[in-house]
>>> print(open('final12.pdb').read())   # PDB, C-alpha atoms
MODEL        1
ATOM      1  CA  MET A   1      -9.279   4.699  -3.526  1.00  0.00           C
ATOM      2  CA  LEU A   2     -10.599   1.612  -1.765  1.00  0.00           C
ATOM      3  CA  LYS A   3     -11.833  -0.031  -4.963  1.00  0.00           C
ATOM      4  CA  ASN A   4      -8.634   0.683  -6.935  1.00  0.00           C
ATOM      5  CA  LYS A   5      -6.258   0.232  -3.967  1.00  0.00           C
ATOM      6  CA  GLY A   6      -4.880   3.682  -4.740  1.00  0.00           C
ATOM      7  CA  VAL A   7      -5.664   6.844  -6.690  1.00  0.00           C
ATOM      8  CA  ILE A   8      -5.014   5.212 -10.086  1.00  0.00           C
ATOM      9  CA  GLY A   9      -6.975   2.197 -11.373  1.00  0.00           C
ATOM     10  CA  PHE A  10      -3.939   0.045 -12.201  1.00  0.00           C
ATOM     11  CA  ASP A  11      -5.983  -3.161 -12.483  1.00  0.00           C
ATOM     12  CA  TYR A  12      -8.078  -1.502 -15.187  1.00  0.00           C
ATOM     13  CA  LEU A  13      -5.128   0.154 -16.924  1.00  0.00           C
ATOM     14  CA  PHE A  14      -2.746  -2.812 -16.938  1.00  0.00           C
ATOM     15  CA  GLY A  15      -5.403  -5.514 -17.059  1.00  0.00           C
ATOM     16  CA  GLU A  16      -8.656  -4.635 -18.777  1.00  0.00           C
ATOM     17  CA  ILE A  17      -7.287  -2.089 -21.267  1.00  0.00           C
ATOM     18  CA  SER A  18      -3.846  -3.469 -22.120  1.00  0.00           C
ATOM     19  CA  GLN A  19      -4.894  -7.113 -22.249  1.00  0.00           C
ATOM     20  CA  LYS A  20      -8.490  -7.076 -23.468  1.00  0.00           C
ATOM     21  CA  LYS A  21      -9.744  -3.790 -24.933  1.00  0.00           C
ATOM     22  CA  LYS A  22      -6.553  -2.724 -26.715  1.00  0.00           C
ATOM     23  CA  PRO A  23      -4.031  -5.574 -26.393  1.00  0.00           C
ATOM     24  CA  PHE A  24      -0.469  -4.367 -25.985  1.00  0.00           C
ATOM     25  CA  ASP A  25       1.942  -5.576 -28.693  1.00  0.00           C
ATOM     26  CA  TYR A  26       4.714  -7.010 -26.486  1.00  0.00           C
ATOM     27  CA  GLU A  27       6.661  -8.439 -29.421  1.00  0.00           C
ATOM     28  CA  THR A  28       7.006  -5.100 -31.228  1.00  0.00           C
ATOM     29  CA  PHE A  29       7.784  -3.347 -27.952  1.00  0.00           C
ATOM     30  CA  VAL A  30      10.625  -5.735 -27.057  1.00  0.00           C
ATOM     31  CA  LYS A  31      12.045  -5.814 -30.606  1.00  0.00           C
ATOM     32  CA  SER A  32      12.192  -2.020 -30.860  1.00  0.00           C
ATOM     33  CA  PRO A  33      15.762  -0.646 -30.733  1.00  0.00           C
ATOM     34  CA  ILE A  34      14.593   2.101 -28.377  1.00  0.00           C
ATOM     35  CA  GLN A  35      15.795   1.644 -24.797  1.00  0.00           C
ATOM     36  CA  PHE A  36      13.076   1.520 -22.131  1.00  0.00           C
ATOM     37  CA  THR A  37      13.864   1.334 -18.446  1.00  0.00           C
ATOM     38  CA  ALA A  38      11.458   1.488 -15.495  1.00  0.00           C
ATOM     39  CA  VAL A  39      13.034   2.915 -12.340  1.00  0.00           C
ATOM     40  CA  VAL A  40      11.694   1.506  -9.080  1.00  0.00           C
ATOM     41  CA  THR A  41      12.531   1.465  -5.375  1.00  0.00           C
ATOM     42  CA  ASN A  42      12.893  -1.887  -3.654  1.00  0.00           C
ATOM     43  CA  CYS A  43      10.941  -1.378  -0.404  1.00  0.00           C
ATOM     44  CA  GLN A  44      12.884  -4.084   1.455  1.00  0.00           C
ATOM     45  CA  THR A  45      16.361  -2.715   0.662  1.00  0.00           C
ATOM     46  CA  GLY A  46      15.584   0.946  -0.039  1.00  0.00           C
ATOM     47  CA  GLU A  47      17.722   0.648  -3.187  1.00  0.00           C
ATOM     48  CA  THR A  48      16.937   1.943  -6.655  1.00  0.00           C
ATOM     49  CA  GLU A  49      16.532  -0.762  -9.288  1.00  0.00           C
ATOM     50  CA  TYR A  50      16.374  -0.444 -13.066  1.00  0.00           C
ATOM     51  CA  ILE A  51      14.149  -2.902 -14.943  1.00  0.00           C
ATOM     52  CA  GLU A  52      14.727  -3.122 -18.693  1.00  0.00           C
ATOM     53  CA  LYS A  53      12.041  -3.881 -21.256  1.00  0.00           C
ATOM     54  CA  GLN A  54      13.708  -7.195 -22.092  1.00  0.00           C
ATOM     55  CA  GLU A  55      12.405  -8.455 -18.744  1.00  0.00           C
ATOM     56  CA  LYS A  56       8.969  -8.571 -20.351  1.00  0.00           C
ATOM     57  CA  GLU A  57       7.400 -10.776 -17.684  1.00  0.00           C
ATOM     58  CA  HIS A  58       7.968  -7.945 -15.203  1.00  0.00           C
ATOM     59  CA  ILE A  59       7.800  -4.797 -17.330  1.00  0.00           C
ATOM     60  CA  PHE A  60       4.125  -3.918 -16.694  1.00  0.00           C
ATOM     61  CA  ALA A  61       4.550  -4.512 -12.971  1.00  0.00           C
ATOM     62  CA  ALA A  62       7.695  -2.354 -13.074  1.00  0.00           C
ATOM     63  CA  VAL A  63       5.842   0.454 -14.863  1.00  0.00           C
ATOM     64  CA  GLN A  64       3.057   0.182 -12.293  1.00  0.00           C
ATOM     65  CA  ALA A  65       5.585   0.288  -9.441  1.00  0.00           C
ATOM     66  CA  SER A  66       7.305   3.249 -11.080  1.00  0.00           C
ATOM     67  CA  SER A  67       3.957   5.056 -10.948  1.00  0.00           C
ATOM     68  CA  SER A  68       3.134   4.070  -7.361  1.00  0.00           C
ATOM     69  CA  MET A  69       3.651   6.822  -4.822  1.00  0.00           C
ATOM     70  CA  PRO A  70       3.869   6.098  -1.085  1.00  0.00           C
ATOM     71  CA  LEU A  71       0.590   6.655   0.805  1.00  0.00           C
ATOM     72  CA  PHE A  72      -1.387   6.954  -2.457  1.00  0.00           C
ATOM     73  CA  SER A  73      -0.763   3.499  -3.935  1.00  0.00           C
ATOM     74  CA  GLN A  74      -0.117  -0.020  -2.782  1.00  0.00           C
ATOM     75  CA  MET A  75       3.332  -1.503  -3.146  1.00  0.00           C
ATOM     76  CA  VAL A  76       3.743  -3.654  -6.264  1.00  0.00           C
ATOM     77  CA  THR A  77       5.105  -7.188  -5.975  1.00  0.00           C
ATOM     78  CA  ILE A  78       7.741  -8.234  -8.517  1.00  0.00           C
ATOM     79  CA  GLY A  79       9.227 -11.632  -7.817  1.00  0.00           C
ATOM     80  CA  GLU A  80       9.582 -11.802  -4.041  1.00  0.00           C
ATOM     81  CA  SER A  81      10.066  -8.068  -3.415  1.00  0.00           C
ATOM     82  CA  GLN A  82       7.775  -5.068  -2.986  1.00  0.00           C
ATOM     83  CA  TYR A  83       8.344  -1.893  -5.019  1.00  0.00           C
ATOM     84  CA  LEU A  84       7.287   1.752  -5.267  1.00  0.00           C
ATOM     85  CA  ASP A  85       8.252   4.674  -7.499  1.00  0.00           C
ATOM     86  CA  GLY A  86      11.955   5.081  -8.206  1.00  0.00           C
ATOM     87  CA  ALA A  87      11.855   8.690  -7.020  1.00  0.00           C
ATOM     88  CA  VAL A  88      11.486   7.421  -3.456  1.00  0.00           C
ATOM     89  CA  SER A  89      15.160   6.412  -3.467  1.00  0.00           C
ATOM     90  CA  ASN A  90      16.531   8.382  -6.421  1.00  0.00           C
ATOM     91  CA  ALA A  91      14.986  11.736  -7.317  1.00  0.00           C
ATOM     92  CA  ILE A  92      16.942  11.923 -10.580  1.00  0.00           C
ATOM     93  CA  PRO A  93      17.030   8.337 -11.950  1.00  0.00           C
ATOM     94  CA  VAL A  94      20.405   8.251 -13.638  1.00  0.00           C
ATOM     95  CA  LYS A  95      22.333   5.017 -13.363  1.00  0.00           C
TER      96      LYS A  95
ENDMDL
END
>>> encode(input="final12.pdb", output="structure tokens")
Amino acid sequence: MLKNKGVIGFDYLFGEISQKKKPFDYETFVKSPIQFTAVVTNCQTGETEYIEKQEKEHIFAAVQASSSMPLFSQMVTIGESQYLDGAVSNAIPVK
């Protein structure tokens, strides 16, 4: 937990694997007609936020935040805010 800053090795998953070992195809992902939304909780406001795949500069951070549970993971910074899993503020993430 100390090395990974939580129970999941996000640095390895979203860094080493998705950028070096098996590079993620961002272009195909964004061009796909399938909707993809990461649901996160803004830790400053306590509000649920929905981050769409078109916001590709933030999508991996949003997916990481959406997988980050309080007490088991660090908050994820996106822009100037800190985020955790969307279930913290919205157990059933329906907009």
>>> resolve_selection(input="final12.pdb", expression="the PyMOL selection byres ((chain A and resi 66-70) around 12)", output="MDAnalysis selection string")
chainID A and resid 5:10 13:14 37:43 48:51 58:65 71:78 82:90 93
>>> atom_distance(input="final12.pdb", atom1="CA of Val30 (chain A)", atom2="CA of Gln54 (chain A)")
6.0 Å
>>> closest_residue(input="final12.pdb", among="A:Gln19, A:Gln35, A:Thr28, A:Gln44", to="Ser81 (chain A)", atoms="all atoms listed in the file")
A:Gln44
>>> atom_distance(input="final12.pdb", atom1="CA of Lys53 (chain A)", atom2="CA of Gly79 (chain A)")
15.8 Å
>>> atom_distance(input="final12.pdb", atom1="CA of Phe36 (chain A)", atom2="CA of Pro23 (chain A)")
19.0 Å
